[in-house]
$ cat start-v7.cif   # mmCIF, C-alpha atoms
data_model
#
loop_
_atom_site.label_atom_id
_atom_site.label_comp_id
_atom_site.auth_asym_id
_atom_site.auth_seq_id
_atom_site.Cartn_x
_atom_site.Cartn_y
_atom_site.Cartn_z
CA ASP A 6 -3.15 -13.68 -17.09
CA LYS A 7 -6.86 -12.82 -17.09
CA ARG A 8 -7.71 -16.50 -16.61
CA TYR A 9 -6.02 -16.34 -13.20
CA PRO A 10 -7.01 -13.09 -11.48
CA PRO A 11 -5.86 -12.69 -7.87
CA GLU A 12 -8.26 -14.58 -5.65
CA ILE A 13 -8.17 -14.44 -1.89
CA ILE A 14 -7.43 -17.83 -0.39
CA GLN A 15 -6.91 -16.64 3.17
CA ILE A 16 -7.66 -13.32 4.84
CA GLY A 17 -6.48 -12.13 8.21
CA LEU A 18 -7.14 -9.07 10.34
CA ALA A 19 -5.29 -7.94 13.42
CA VAL A 20 -7.28 -5.21 15.18
CA PHE A 21 -5.27 -2.75 17.27
CA ASP A 22 -6.23 0.18 19.44
CA THR A 23 -3.58 2.68 18.40
CA LYS A 24 -4.34 5.09 21.24
CA ARG A 25 -3.65 2.46 23.88
CA ASP A 26 -1.23 0.50 21.65
CA LYS A 27 -3.16 -2.64 22.44
CA HIS A 28 -3.96 -5.67 20.31
CA ILE A 29 -7.73 -6.14 20.58
CA GLU A 30 -8.73 -9.08 18.41
CA ASP A 31 -7.90 -11.23 15.39
CA TYR A 32 -9.88 -12.64 12.53
CA ALA A 33 -8.65 -15.22 10.04
CA SER A 34 -10.43 -17.38 7.52
CA TYR A 35 -9.64 -19.46 4.50
CA VAL A 36 -11.61 -18.55 1.39
CA ARG A 37 -12.72 -20.89 -1.36
CA PRO A 38 -11.57 -19.46 -4.72
CA ARG A 39 -14.41 -18.81 -7.14
CA ILE A 40 -12.75 -18.72 -10.59
CA ASN A 41 -9.93 -21.22 -10.07
CA PRO A 42 -10.94 -23.45 -7.17
CA ARG A 43 -8.13 -25.97 -7.85
CA LEU A 44 -4.89 -24.80 -6.28
CA SER A 45 -1.69 -25.24 -8.24
CA ASP A 46 1.08 -27.33 -6.74
CA TYR A 47 3.13 -24.13 -6.47
CA CYS A 48 0.37 -22.40 -4.49
CA LYS A 49 -0.14 -25.38 -2.17
CA LYS A 50 3.58 -25.56 -1.45
CA LEU A 51 3.99 -21.79 -1.02
CA LEU A 52 1.04 -21.51 1.36
CA GLY A 53 1.39 -24.91 3.03
CA LEU A 54 -2.22 -25.79 2.18
CA THR A 55 -4.02 -28.86 0.99
CA GLN A 56 -6.82 -28.77 -1.54
CA ASP A 57 -9.23 -29.98 1.18
CA VAL A 58 -8.65 -26.82 3.22
CA VAL A 59 -9.87 -24.53 0.44
CA ASP A 60 -12.57 -26.96 -0.73
CA ASN A 61 -14.10 -26.77 2.76
CA ALA A 62 -13.61 -23.01 3.19
CA LYS A 63 -16.38 -20.41 3.01
CA ASP A 64 -16.82 -18.40 -0.16
CA PHE A 65 -15.74 -14.76 -0.20
CA CYS A 66 -19.31 -13.47 0.26
CA ALA A 67 -19.66 -15.28 3.59
CA VAL A 68 -16.22 -14.16 4.75
CA ALA A 69 -16.89 -10.55 3.73
CA GLU A 70 -20.11 -10.60 5.76
CA GLU A 71 -18.25 -11.93 8.82
CA ILE A 72 -15.64 -9.17 8.49
CA PHE A 73 -18.33 -6.53 7.96
CA ASN A 74 -20.12 -7.71 11.13
CA LEU A 75 -16.87 -7.72 13.12
CA LEU A 76 -16.10 -4.15 12.03
CA GLN A 77 -19.57 -2.94 13.07
CA SER A 78 -18.46 -2.99 16.70
CA TYR A 79 -15.98 -0.18 15.96
CA GLU A 80 -16.72 3.45 15.20
CA LYS A 81 -15.80 3.90 11.53
CA SER A 82 -14.21 7.30 12.09
CA SER A 83 -11.77 5.77 14.59
CA ILE A 84 -10.42 2.93 12.43
CA TYR A 85 -8.46 2.56 9.22
CA THR A 86 -6.98 -0.34 7.33
CA CYS A 87 -3.33 -0.86 6.70
CA ALA A 88 -2.46 -3.05 3.71
CA TRP A 89 0.59 -3.78 1.57
CA GLY A 90 0.37 -2.55 -2.01
CA LYS A 91 -2.70 -3.61 -3.94
CA ASP A 92 -4.18 -5.86 -1.22
CA ARG A 93 -7.22 -3.60 -0.79
CA ASP A 94 -7.86 -3.66 -4.56
CA VAL A 95 -7.80 -7.47 -4.49
CA VAL A 96 -10.42 -7.47 -1.71
CA ALA A 97 -12.63 -5.11 -3.73
CA GLU A 98 -12.24 -7.28 -6.86
CA ASN A 99 -13.14 -10.44 -4.94
CA ALA A 100 -16.19 -8.72 -3.45
CA ALA A 101 -17.36 -7.54 -6.88
CA ARG A 102 -16.92 -11.03 -8.31
CA CYS A 103 -19.47 -12.46 -5.89
CA ASP A 104 -21.77 -9.42 -5.79
CA SER A 105 -20.80 -8.69 -2.21
CA VAL A 106 -19.92 -5.45 -0.48
CA ASP A 107 -16.23 -4.83 0.15
CA PRO A 108 -16.17 -4.94 3.97
CA PHE A 109 -13.45 -2.26 4.04
CA SER A 110 -14.94 0.13 1.47
CA MET A 111 -16.10 2.69 4.05
CA LEU A 112 -12.79 2.80 5.92
CA SER A 113 -9.76 4.99 5.41
CA GLN A 114 -6.83 3.04 4.08
CA MET A 115 -3.08 3.18 4.33
CA ASP A 116 -0.79 1.59 1.73
CA LEU A 117 2.19 0.72 3.88
CA GLN A 118 4.26 -0.35 0.86
CA GLN A 119 3.99 3.12 -0.68
CA ILE A 120 4.61 4.85 2.64
CA ALA A 121 7.67 2.74 3.46
CA SER A 122 9.05 3.17 -0.07
CA ASN A 123 8.70 6.96 0.23
CA ILE A 124 10.24 7.06 3.70
CA PHE A 125 13.27 5.11 2.53
CA GLY A 126 13.69 7.44 -0.47
CA PHE A 127 12.25 5.21 -3.20
CA GLN A 128 9.43 7.38 -4.53
CA ASP A 129 9.67 5.87 -8.02
CA LYS A 130 10.07 2.25 -6.95
CA LEU A 131 8.03 0.16 -4.54
CA LEU A 132 10.10 -1.80 -2.06
CA THR A 133 9.31 -5.39 -1.18
CA ARG A 134 8.17 -6.17 2.32
CA GLU A 135 11.34 -8.20 2.86
CA SER A 136 13.60 -5.27 1.91
CA VAL A 137 11.71 -2.94 4.27
CA LYS A 138 11.99 -5.47 7.08
CA GLN A 139 15.71 -5.81 6.37
CA LYS A 140 16.17 -2.01 6.53
CA LEU A 141 14.32 -2.01 9.87
CA GLY A 142 16.41 -4.89 11.23
CA PHE A 143 13.54 -7.40 11.35
CA ALA A 144 14.03 -11.13 10.98
CA PHE A 145 12.52 -13.03 8.07
CA SER A 146 9.12 -14.48 8.97
CA LYS A 147 8.77 -18.23 8.57
CA ASP A 148 5.00 -17.78 8.18
CA ARG A 149 5.30 -15.05 5.53
CA HIS A 150 2.26 -16.20 3.56
CA ASN A 151 -0.06 -16.77 6.52
CA ALA A 152 -2.68 -14.00 6.40
CA LEU A 153 -2.83 -13.36 10.14
CA ASP A 154 0.97 -13.38 10.40
CA ASP A 155 1.06 -10.90 7.50
CA ALA A 156 -1.39 -8.62 9.32
CA MET A 157 0.76 -8.68 12.47
CA ASP A 158 3.83 -8.09 10.30
CA LEU A 159 2.30 -4.90 8.89
CA LYS A 160 1.53 -3.63 12.38
CA ASN A 161 5.13 -4.26 13.43
CA ILE A 162 6.47 -2.45 10.35
CA LEU A 163 4.16 0.51 10.98
CA ASP A 164 5.21 0.66 14.64
CA ALA A 165 8.91 0.52 13.74
CA ILE A 166 8.55 3.31 11.20
CA LYS A 167 6.70 5.49 13.72
CA ARG A 168 9.23 4.72 16.49
CA ASN A 169 12.27 5.37 14.32
CA LYS A 170 11.04 8.38 12.37
CA ASN A 171 14.08 10.42 13.43
CA ARG A 172 16.64 7.85 12.32
CA GLU A 173 18.87 8.65 9.38
CA TYR A 174 17.39 6.00 7.07
CA ILE A 175 13.90 7.43 7.45
CA ARG A 176 13.51 10.65 5.46
#
$ encode --input "start-v7.cif" --output "structure tokens"
Amino acid sequence: DKRYPPEIIQIGLAVFDTKRDKHIEDYASYVRPRINPRLSDYCKKLLGLTQDVVDNAKDFCAVAEEIFNLLQSYEKSSIYTCAWGKDRDVVAENAARCDSVDPFSMLSQMDLQQIASNIFGFQDKLLTRESVKQKLGFAFSKDRHNALDDAMDLKNILDAIKRNKNREYIR
């Protein structure tokens, strides 16, 4: 529905040094929606948010600037982003909506949904995060829709795939 494009309500980053396999820092922020600032009851229940949280949040332009500034402390050639499916497209769309720069636009990106689907032999069908976690033996996350928890979840999925690349279920 074009009246309800995907708007970021919360964004989270978990920064890892892959060479030292060390978690370096986190960033998380709520974002005030621009087109549909009133959250539906479904959205509030799913995310565990109140309307006050998003009413008092920064707009995407301010959040994008904070992320951009955070990423400036890292050499661009040494970092990449890992997202699930179309998450990076949603960031770019939100940035364009407020005439801001996509803070990730200059970074290499990895679509972990596509990679995991290919590894598990589903080239023509994208697997859900829950089905990938089940195949890897991960427990269901109680904070599934928390942005920072999602970022950590992606790192754990990526690590498990790299660790288990010789297992039978990974082609």
$ atom_distance --input "start-v7.cif" --atom1 "CA of Gln118 in chain A" --atom2 "CA of Leu132 in chain A"
6.7 Å
$ atom_distance --input "start-v7.cif" --atom1 "CA of Asn61 in chain A" --atom2 "CA of Ser105 in chain A"
19.9 Å
$ atom_distance --input "start-v7.cif" --atom1 "CA of Ile166 in chain A" --atom2 "CA of Leu51 in chain A"
28.3 Å
$ resolve_selection --input "start-v7.cif" --expression "the PyMOL selection byres ((chain A and resi 150-164) around 8)" --output "compact mmCIF listing (two decimals) with C-alpha atoms, in the frame of the given file"
# COMPACT_ATOMS: atom_id res chain seq x y z
CA GLN A 15 -6.91 -16.64 3.17
CA ILE A 16 -7.66 -13.32 4.84
CA GLY A 17 -6.48 -12.13 8.21
CA LEU A 18 -7.14 -9.07 10.34
CA ALA A 19 -5.29 -7.94 13.42
CA ASP A 31 -7.90 -11.23 15.39
CA TYR A 32 -9.88 -12.64 12.53
CA ALA A 33 -8.65 -15.22 10.04
CA LEU A 51 3.99 -21.79 -1.02
CA LEU A 52 1.04 -21.51 1.36
CA CYS A 87 -3.33 -0.86 6.70
CA ALA A 88 -2.46 -3.05 3.71
CA TRP A 89 0.59 -3.78 1.57
CA LEU A 117 2.19 0.72 3.88
CA LYS A 138 11.99 -5.47 7.08
CA LEU A 141 14.32 -2.01 9.87
CA ASP A 148 5.00 -17.78 8.18
CA ARG A 149 5.30 -15.05 5.53
CA ALA A 165 8.91 0.52 13.74
CA ILE A 166 8.55 3.31 11.20
CA LYS A 167 6.70 5.49 13.72
CA ARG A 168 9.23 4.72 16.49
$ closest_residue --input "start-v7.cif" --among "A:Asp46, A:Val95, A:Gly90, A:Pro108" --to "Glu70 in chain A" --atoms "all atoms listed in the file"
A:Pro108
$ residues_around --input "start-v7.cif" --residues "range 71-85 of chain A" --least-positions-apart "5" --cutoff "12 Å" --atoms "only C-alpha atoms" --output "PyMOL selection string"
chain A and resi 16-24+29-34+36+63-66+93+96+100+105-116
$ axis_aligned_box --input "start-v7.cif" --around "range 77-89 of chain A" --padding-each-side "4 Å" --output "AutoDock Vina command-line options"
--center_x -9.5 --center_y 1.8 --center_z 9.1 --size_x 28.2 --size_y 19.1 --size_z 23.1
$ residues_near_point --input "start-v7.cif" --point "(4.4, 4.7, -8.6)" --cutoff "12 Å" --atoms "all atoms listed in the file" --output "mmCIF file with C-alpha atoms, keeping the file's coordinate frame"
data_model
loop_
_atom_site.group_PDB
_atom_site.id
_atom_site.type_symbol
_atom_site.label_atom_id
_atom_site.label_comp_id
_atom_site.auth_asym_id
_atom_site.auth_seq_id
_atom_site.Cartn_x
_atom_site.Cartn_y
_atom_site.Cartn_z
ATOM 1 C CA GLY A 90 0.370 -2.550 -2.010
ATOM 2 C CA LYS A 91 -2.700 -3.610 -3.940
ATOM 3 C CA ASP A 116 -0.790 1.590 1.730
ATOM 4 C CA GLN A 118 4.260 -0.350 0.860
ATOM 5 C CA GLN A 119 3.990 3.120 -0.680
ATOM 6 C CA ILE A 120 4.610 4.850 2.640
ATOM 7 C CA SER A 122 9.050 3.170 -0.070
ATOM 8 C CA ASN A 123 8.700 6.960 0.230
ATOM 9 C CA PHE A 127 12.250 5.210 -3.200
ATOM 10 C CA GLN A 128 9.430 7.380 -4.530
ATOM 11 C CA ASP A 129 9.670 5.870 -8.020
ATOM 12 C CA LYS A 130 10.070 2.250 -6.950
ATOM 13 C CA LEU A 131 8.030 0.160 -4.540
ATOM 14 C CA LEU A 132 10.100 -1.800 -2.060
#
$ residues_near_point --input "start-v7.cif" --point "(-4.7, -25.1, -6.9)" --cutoff "12 Å" --atoms "only C-alpha atoms" --output "compact mmCIF listing (two decimals) with C-alpha atoms, in the frame of the given file"
# COMPACT_ATOMS: atom_id res chain seq x y z
CA TYR A 9 -6.02 -16.34 -13.20
CA GLU A 12 -8.26 -14.58 -5.65
CA ILE A 14 -7.43 -17.83 -0.39
CA ARG A 37 -12.72 -20.89 -1.36
CA PRO A 38 -11.57 -19.46 -4.72
CA ARG A 39 -14.41 -18.81 -7.14
CA ILE A 40 -12.75 -18.72 -10.59
CA ASN A 41 -9.93 -21.22 -10.07
CA PRO A 42 -10.94 -23.45 -7.17
CA ARG A 43 -8.13 -25.97 -7.85
CA LEU A 44 -4.89 -24.80 -6.28
CA SER A 45 -1.69 -25.24 -8.24
CA ASP A 46 1.08 -27.33 -6.74
CA TYR A 47 3.13 -24.13 -6.47
CA CYS A 48 0.37 -22.40 -4.49
CA LYS A 49 -0.14 -25.38 -2.17
CA LYS A 50 3.58 -25.56 -1.45
CA LEU A 51 3.99 -21.79 -1.02
CA LEU A 52 1.04 -21.51 1.36
CA GLY A 53 1.39 -24.91 3.03
CA LEU A 54 -2.22 -25.79 2.18
CA THR A 55 -4.02 -28.86 0.99
CA GLN A 56 -6.82 -28.77 -1.54
CA ASP A 57 -9.23 -29.98 1.18
CA VAL A 58 -8.65 -26.82 3.22
CA VAL A 59 -9.87 -24.53 0.44
CA ASP A 60 -12.57 -26.96 -0.73
$ closest_residue --input "start-v7.cif" --among "A:Cys103, A:Ile13, A:Thr86, A:Glu98" --to "Ala62 in chain A" --atoms "all atoms listed in the file"
A:Ile13
$ decode --input "start-v7.cif" --residues "range 7-19 of chain A" --atoms "N, CA, C and O atoms" --output "PDB file, in the first residue's frame"
ATOM      1  N   LYS A   7       0.826   2.025  -1.053  1.00  0.00           N
ATOM      2  CA  LYS A   7       1.693   3.205  -1.191  1.00  0.00           C
ATOM      3  C   LYS A   7       1.469   4.245  -0.105  1.00  0.00           C
ATOM      4  O   LYS A   7       2.312   5.095   0.134  1.00  0.00           O
ATOM      5  N   ARG A   8       0.306   4.179   0.559  1.00  0.00           N
ATOM      6  CA  ARG A   8       0.059   5.118   1.659  1.00  0.00           C
ATOM      7  C   ARG A   8       0.858   4.750   2.895  1.00  0.00           C
ATOM      8  O   ARG A   8       1.006   5.559   3.806  1.00  0.00           O
ATOM      9  N   TYR A   9       1.363   3.522   2.936  1.00  0.00           N
ATOM     10  CA  TYR A   9       2.097   3.031   4.107  1.00  0.00           C
ATOM     11  C   TYR A   9       3.435   2.415   3.693  1.00  0.00           C
ATOM     12  O   TYR A   9       3.667   1.225   3.869  1.00  0.00           O
ATOM     13  N   PRO A  10       4.335   3.236   3.143  1.00  0.00           N
ATOM     14  CA  PRO A  10       5.647   2.684   2.771  1.00  0.00           C
ATOM     15  C   PRO A  10       6.414   2.288   4.032  1.00  0.00           C
ATOM     16  O   PRO A  10       6.127   2.796   5.123  1.00  0.00           O
ATOM     17  N   PRO A  11       7.385   1.387   3.907  1.00  0.00           N
ATOM     18  CA  PRO A  11       8.147   0.988   5.096  1.00  0.00           C
ATOM     19  C   PRO A  11       8.931   2.172   5.667  1.00  0.00           C
ATOM     20  O   PRO A  11       9.738   2.773   4.977  1.00  0.00           O
ATOM     21  N   GLU A  12       8.631   2.484   6.903  1.00  0.00           N
ATOM     22  CA  GLU A  12       9.351   3.556   7.591  1.00  0.00           C
ATOM     23  C   GLU A  12      10.110   2.948   8.769  1.00  0.00           C
ATOM     24  O   GLU A  12       9.589   2.102   9.489  1.00  0.00           O
ATOM     25  N   ILE A  13      11.317   3.402   8.940  1.00  0.00           N
ATOM     26  CA  ILE A  13      12.136   2.922  10.047  1.00  0.00           C
ATOM     27  C   ILE A  13      11.624   3.537  11.336  1.00  0.00           C
ATOM     28  O   ILE A  13      11.461   4.751  11.428  1.00  0.00           O
ATOM     29  N   ILE A  14      11.377   2.687  12.305  1.00  0.00           N
ATOM     30  CA  ILE A  14      10.916   3.133  13.618  1.00  0.00           C
ATOM     31  C   ILE A  14      12.034   2.966  14.647  1.00  0.00           C
ATOM     32  O   ILE A  14      12.130   3.695  15.613  1.00  0.00           O
ATOM     33  N   GLN A  15      12.899   2.001  14.387  1.00  0.00           N
ATOM     34  CA  GLN A  15      14.068   1.784  15.240  1.00  0.00           C
ATOM     35  C   GLN A  15      15.180   1.232  14.359  1.00  0.00           C
ATOM     36  O   GLN A  15      14.933   0.440  13.450  1.00  0.00           O
ATOM     37  N   ILE A  16      16.394   1.677  14.612  1.00  0.00           N
ATOM     38  CA  ILE A  16      17.543   1.183  13.859  1.00  0.00           C
ATOM     39  C   ILE A  16      18.629   0.801  14.849  1.00  0.00           C
ATOM     40  O   ILE A  16      18.810   1.473  15.868  1.00  0.00           O
ATOM     41  N   GLY A  17      19.293  -0.296  14.573  1.00  0.00           N
ATOM     42  CA  GLY A  17      20.349  -0.756  15.460  1.00  0.00           C
ATOM     43  C   GLY A  17      21.547  -1.244  14.668  1.00  0.00           C
ATOM     44  O   GLY A  17      21.407  -1.851  13.608  1.00  0.00           O
ATOM     45  N   LEU A  18      22.720  -0.942  15.186  1.00  0.00           N
ATOM     46  CA  LEU A  18      23.974  -1.403  14.590  1.00  0.00           C
ATOM     47  C   LEU A  18      24.777  -2.114  15.662  1.00  0.00           C
ATOM     48  O   LEU A  18      24.866  -1.638  16.795  1.00  0.00           O
ATOM     49  N   ALA A  19      25.358  -3.225  15.278  1.00  0.00           N
ATOM     50  CA  ALA A  19      26.314  -3.916  16.136  1.00  0.00           C
ATOM     51  C   ALA A  19      27.605  -3.965  15.333  1.00  0.00           C
ATOM     52  O   ALA A  19      27.661  -4.591  14.273  1.00  0.00           O
TER      53      ALA A  19
END
